[in-house]
Amino acid sequence: MIRSLVLLITGKMECHGQLRYFFLGCRSGLPIAIGYLPIALAFGVLARTAGLSAGEATAMSALVFAGASQFMAINLISGGASAATIILATFVVNFRHFVMSASLSRRLVLRWWEAALVGFGLTDETFVVNSLARPDELPGQSVRGGYICPKVRESKGDKSYECSVQEITPHTATSLLPPGFALGVSLMAYLAWVSGSWMGVVFAGIIPPVLTAGMEIALYAMFIGLLMPAIRRAAPAGLIALGSAGICWLLSLFFDTGWAIVLATVVVAGIGVPLLGRRVDSL
Amino acid sequence: MSTLAFALIILGMTLVTYLPRLIPLLVPGDLPLPPWLDRWLKLIPYAALGALIFPGILTVDAGRPWVGVIGGLAAAATGWLWRNLIATVLVAILVVSVLQ
C-alpha cells in the first residue's frame, strides 16, 4: 500500500494503458488536493456553524463539488433565502465551467461514461491542470509515430508496443489528453474536497490554526506554478493571462466575482484570436 | 430547515452545476471546428488562469493585500526557476505563513 503510494507520487508506477495515465493524473491532481483540503475544512466548519449536520455538509460537497457556490449557499441558507434564489445564484456562480468545459472538450475524446465523470469532476483547478498538461511531456511518455506511448516499453526495444491513446492528428499534436489522466486529476480533487468537508464538520473547533496558516495561497500558487512553464514555452500565453487579470480586476469593480472571471476569460481569449492568429496553434 | 427542503436545494444546485460542466464534453475533441473557434477555445485556459489569479490573490489575507502579492511573487519565482508544482505551492505557503 505504502509502496504503491510512493510509486504513485514519484510517477514510477509501472502499468500500461489508461491505468497508467490514471495514476499520472492522480499525481498531477495532488497539488489540487493540497489546496482543497484547508478550504474544505473551512467549509465544514462554516456548515456546522450554520446548523448543518456532517451528513448534510458532506452530501453537498459530494454532489455539488463546487467550492465558491457552496460557501455562498451556506450563507444564503443561514440568511433564510428561498430554494429558487440559492439554485439560481449557484447557476450564475458556476456558469464559467460551461466555457471551461467547452475548451477542455477540445482535448478529450470520451466515451459517455468518461464524459459523465470528467464533467462531474470539472472545477477551476482540474480544468487548468488538464488544459496545461502536455501528453508528450507527462513523465515516462513520448510521442512515437503519431501516438503517445509509454517510454517504459519503448526502452525495452519492444517495437510492437500497443498504444492505447488516440492517434495524434496535426491539429491535436500536443493537445489530446488520455481520458484516464483527466479522471485521475478529478478523483484526487474530489477525495480531498469531500473528506475535508466531512472532517471540517466533525472536528470543527479542534482543528489547529497552524494547519491552515498560509494555506489560502495554495491554489493561487498552483495556478501561478502552472502558468510559469506555459509562459516559458510561449510568451503569448503570459500576455493573454496578464490581459485577462487586468480586465478581471476592472470588471470585479462592477460585477460579482463569478461574472468578472467568465467575462474576462471570454473577452480576452476573443481579443487574442485575431491578435495572435496562427501563433495560437503552437501554444 | 427541513430535510426535504435541504435535499431539494442540494439537488437543484447539483443539476445547475453539473449540466453546464457536462454538456460541452459530449462533443468529441477531434470534431473539426472553424480555426477561429478552435483558437478561441485554446486560449480560454490562459485567459482563465489570469482571471482566476488576479484580483482574487489580493484576498489571501483580508485587509493586507500585499501578503497575497508577495506570496504570488514567491510562487512565480519558484515556478519559473524550479518548474515543480508541489514545490511552488509549498514555498508560497511557507512565505505567506511567515508573513502572517
# chains A, B, ... in the order shown; residues from 1 in each chain; ligands from 1
>>> residues_around(residues="Thr3 in chain B", least_positions_apart="4", cutoff="12 Å", atoms="only C-alpha atoms", output="list in words")
Leu52, Ser53, Gly55 and Glu56 of chain A; Ala7, Leu8, Ile9 and Ile10 of chain B
>>> residues_around(residues="range 24-35 of chain A", least_positions_apart="4", cutoff="6 Å", atoms="only C-alpha atoms", output="PyMOL selection string")
(chain A and resi 9+181+184-185+188-189+192+218-219) or (chain B and resi 86)
>>> write_last_selection(atoms="N, CA, C and O atoms", output="tab-separated table (two decimals), in the first residue's frame")
chain	number	residue	atom	x	y	z
A	9	ILE	N	3.34	8.73	-6.26
A	9	ILE	CA	3.75	10.12	-6.11
A	9	ILE	C	5.00	10.42	-6.94
A	9	ILE	O	5.14	11.49	-7.51
A	181	PHE	N	-6.13	10.21	-17.56
A	181	PHE	CA	-5.41	11.29	-16.88
A	181	PHE	C	-6.39	12.27	-16.24
A	181	PHE	O	-6.28	12.61	-15.07
A	184	GLY	N	-8.02	10.83	-13.19
A	184	GLY	CA	-7.15	10.81	-12.02
A	184	GLY	C	-7.07	12.17	-11.34
A	184	GLY	O	-7.14	12.27	-10.12
A	185	VAL	N	-6.93	13.21	-12.15
A	185	VAL	CA	-6.86	14.58	-11.61
A	185	VAL	C	-8.11	14.88	-10.80
A	185	VAL	O	-8.06	15.33	-9.66
A	188	MET	N	-8.51	12.92	-7.31
A	188	MET	CA	-7.75	13.46	-6.19
A	188	MET	C	-8.42	14.70	-5.61
A	188	MET	O	-8.57	14.85	-4.40
A	189	ALA	N	-8.85	15.59	-6.52
A	189	ALA	CA	-9.52	16.82	-6.07
A	189	ALA	C	-10.80	16.47	-5.30
A	189	ALA	O	-11.08	17.03	-4.24
A	192	ALA	N	-10.21	14.92	-1.74
A	192	ALA	CA	-9.79	15.94	-0.77
A	192	ALA	C	-10.97	16.82	-0.37
A	192	ALA	O	-11.15	17.14	0.80
A	218	ALA	N	-2.48	28.54	-1.40
A	218	ALA	CA	-2.12	27.30	-2.09
A	218	ALA	C	-2.63	27.22	-3.53
A	218	ALA	O	-1.87	26.94	-4.46
A	219	LEU	N	-3.93	27.46	-3.73
A	219	LEU	CA	-4.47	27.29	-5.08
A	219	LEU	C	-3.98	28.38	-6.03
A	219	LEU	O	-3.74	28.12	-7.20
B	86	ILE	N	4.47	21.10	-6.91
B	86	ILE	CA	4.34	20.90	-5.45
B	86	ILE	C	5.28	21.84	-4.71
B	86	ILE	O	4.88	22.49	-3.73
>>> residues_around(residues="Arg83 in chain B", least_positions_apart="5", cutoff="10 Å", atoms="only C-alpha atoms", output="compact mmCIF listing (two decimals) with N, CA, C and O atoms, in the first residue's frame")
# COMPACT_ATOMS: atom_id res chain seq x y z
N GLY A 225 2.09 28.44 -10.59
CA GLY A 225 3.06 27.39 -10.91
C GLY A 225 2.75 26.70 -12.23
O GLY A 225 3.64 26.18 -12.90
N LEU A 226 1.49 26.67 -12.63
CA LEU A 226 1.12 26.10 -13.92
C LEU A 226 1.37 27.08 -15.06
O LEU A 226 1.69 26.71 -16.18
N LEU A 227 1.19 28.36 -14.72
CA LEU A 227 1.31 29.40 -15.76
C LEU A 227 2.76 29.63 -16.18
O LEU A 227 3.06 29.85 -17.36
N MET A 228 3.68 29.57 -15.21
CA MET A 228 5.07 29.93 -15.49
C MET A 228 5.71 29.08 -16.60
O MET A 228 6.27 29.64 -17.55
N PRO A 229 5.63 27.75 -16.52
CA PRO A 229 6.21 26.94 -17.63
C PRO A 229 5.53 27.23 -18.95
O PRO A 229 6.18 27.20 -20.01
N ALA B 76 5.71 32.65 -8.28
CA ALA B 76 6.13 32.89 -9.66
C ALA B 76 7.62 32.60 -9.83
O ALA B 76 8.04 31.93 -10.78
N ALA B 77 8.43 33.08 -8.86
CA ALA B 77 9.87 32.86 -8.94
C ALA B 77 10.18 31.36 -8.85
O ALA B 77 10.97 30.83 -9.64
N THR B 78 9.55 30.68 -7.90
CA THR B 78 9.80 29.24 -7.74
C THR B 78 9.37 28.48 -8.99
O THR B 78 10.09 27.61 -9.48
N THR B 88 6.41 24.69 -5.73
CA THR B 88 5.89 26.04 -5.86
C THR B 88 4.81 26.32 -4.82
O THR B 88 4.82 27.37 -4.15
>>> interface_residues(of="chain B", to="chain A", cutoff="7 Å", atoms="only C-alpha atoms", output="ChimeraX atom specification")
/B:9-10,12-14,16-18,20-22,24-30,36,39-55,57,60,68,71-72,75-76,79-80,83,85-86,88-89,92-94,96-97
>>> write_last_selection(atoms="C-alpha atoms", output="CSV table (one decimal), in the first residue's frame")
chain,number,residue,atom,x,y,z
B,9,ILE,CA,-31.7,22.7,-2.6
B,10,ILE,CA,-28.8,20.3,-3.0
B,12,GLY,CA,-31.1,21.8,-7.7
B,13,MET,CA,-27.6,23.0,-7.0
B,14,THR,CA,-26.2,19.7,-8.4
B,16,VAL,CA,-27.4,23.5,-12.4
B,17,THR,CA,-23.7,22.9,-11.7
B,18,TYR,CA,-23.4,19.5,-13.4
B,20,PRO,CA,-23.1,23.1,-17.8
B,21,ARG,CA,-20.0,21.1,-16.9
B,22,LEU,CA,-21.1,18.0,-18.7
B,24,PRO,CA,-19.7,20.6,-23.9
B,25,LEU,CA,-17.7,17.4,-23.0
B,26,LEU,CA,-20.2,15.3,-25.0
B,27,VAL,CA,-18.8,16.9,-28.2
B,28,PRO,CA,-15.8,14.8,-29.3
B,29,GLY,CA,-12.5,16.6,-29.2
B,30,ASP,CA,-11.5,15.6,-32.7
B,36,TRP,CA,-11.1,30.9,-35.1
B,39,ARG,CA,-8.1,29.1,-31.3
B,40,TRP,CA,-10.6,30.8,-29.1
B,41,LEU,CA,-11.2,27.6,-27.1
B,42,LYS,CA,-7.4,27.1,-27.0
B,43,LEU,CA,-6.8,30.5,-25.4
B,44,ILE,CA,-9.5,30.0,-22.8
B,45,PRO,CA,-7.2,28.3,-20.2
B,46,TYR,CA,-4.6,31.1,-20.3
B,47,ALA,CA,-7.2,33.8,-20.0
B,48,ALA,CA,-9.0,31.8,-17.2
B,49,LEU,CA,-5.7,31.5,-15.4
B,50,GLY,CA,-5.1,35.3,-15.3
B,51,ALA,CA,-8.7,35.9,-14.2
B,52,LEU,CA,-8.5,33.2,-11.5
B,53,ILE,CA,-5.3,34.5,-10.1
B,54,PHE,CA,-6.0,38.3,-10.1
B,55,PRO,CA,-7.6,40.1,-8.3
B,57,ILE,CA,-5.0,36.7,-4.8
B,60,VAL,CA,-5.5,35.8,0.7
B,68,GLY,CA,-1.1,37.7,-1.4
B,71,GLY,CA,3.1,35.0,-1.9
B,72,GLY,CA,2.3,35.2,-5.6
B,75,ALA,CA,5.3,31.3,-6.3
B,76,ALA,CA,6.1,32.9,-9.7
B,79,GLY,CA,7.7,28.1,-10.7
B,80,TRP,CA,9.9,29.9,-13.2
B,83,ARG,CA,9.1,24.1,-12.6
B,85,LEU,CA,4.3,22.4,-8.9
B,86,ILE,CA,4.3,20.9,-5.5
B,88,THR,CA,5.9,26.0,-5.9
B,89,VAL,CA,2.8,25.5,-3.7
B,92,ALA,CA,4.2,30.0,-1.3
B,93,ILE,CA,2.5,28.5,1.7
B,94,LEU,CA,5.7,28.9,3.7
B,96,VAL,CA,2.6,33.5,3.5
B,97,SER,CA,2.6,31.7,6.8
>>> select_by_dssp(residues="range 3-138 of chain A", states="helix (DSSP H, G or I)", output="NGL selection string")
:A and (3-10 or 17-49 or 54-64 or 67-78 or 83-94 or 96-107 or 112-120 or 124-132 or 135-137)
>>> atom_distance(atom1="CA of Leu76 in chain A", atom2="CA of Leu187 in chain A")
28.5 Å
>>> select_by_dssp(residues="range 59-275 of chain A", states="strand (DSSP E or B)", output="PyMOL selection string")
chain A and resi 141-144+147-150+167
>>> write_last_selection(atoms="N, CA and C atoms", output="short mmCIF file (atom, residue, chain, number, x, y, z; two decimals), in the first residue's frame")
data_model
loop_
_atom_site.label_atom_id
_atom_site.label_comp_id
_atom_site.auth_asym_id
_atom_site.auth_seq_id
_atom_site.Cartn_x
_atom_site.Cartn_y
_atom_site.Cartn_z
N GLN A 141 6.43 9.47 -20.84
CA GLN A 141 5.67 9.39 -22.09
C GLN A 141 6.52 9.88 -23.25
N SER A 142 6.20 9.43 -24.42
CA SER A 142 6.83 10.00 -25.59
C SER A 142 5.86 9.89 -26.75
N VAL A 143 6.08 10.73 -27.74
CA VAL A 143 5.24 10.67 -28.92
C VAL A 143 6.00 9.90 -29.99
N ARG A 144 5.40 8.83 -30.47
CA ARG A 144 6.07 7.99 -31.44
C ARG A 144 5.09 7.64 -32.56
N TYR A 147 1.49 8.48 -32.14
CA TYR A 147 0.77 8.02 -30.96
C TYR A 147 1.55 8.40 -29.71
N ILE A 148 0.83 8.55 -28.61
CA ILE A 148 1.51 8.76 -27.34
C ILE A 148 1.76 7.40 -26.72
N CYS A 149 3.02 7.14 -26.35
CA CYS A 149 3.35 5.80 -25.88
C CYS A 149 4.07 5.87 -24.55
N PRO A 150 3.92 4.83 -23.74
CA PRO A 150 4.72 4.75 -22.52
C PRO A 150 6.17 4.49 -22.88
N GLU A 167 -4.82 8.31 -31.74
CA GLU A 167 -3.90 8.75 -32.77
C GLU A 167 -3.82 10.28 -32.74
#
>>> atom_distance(atom1="CA of Trp82 in chain B", atom2="CA of Ala182 in chain A")
24.3 Å
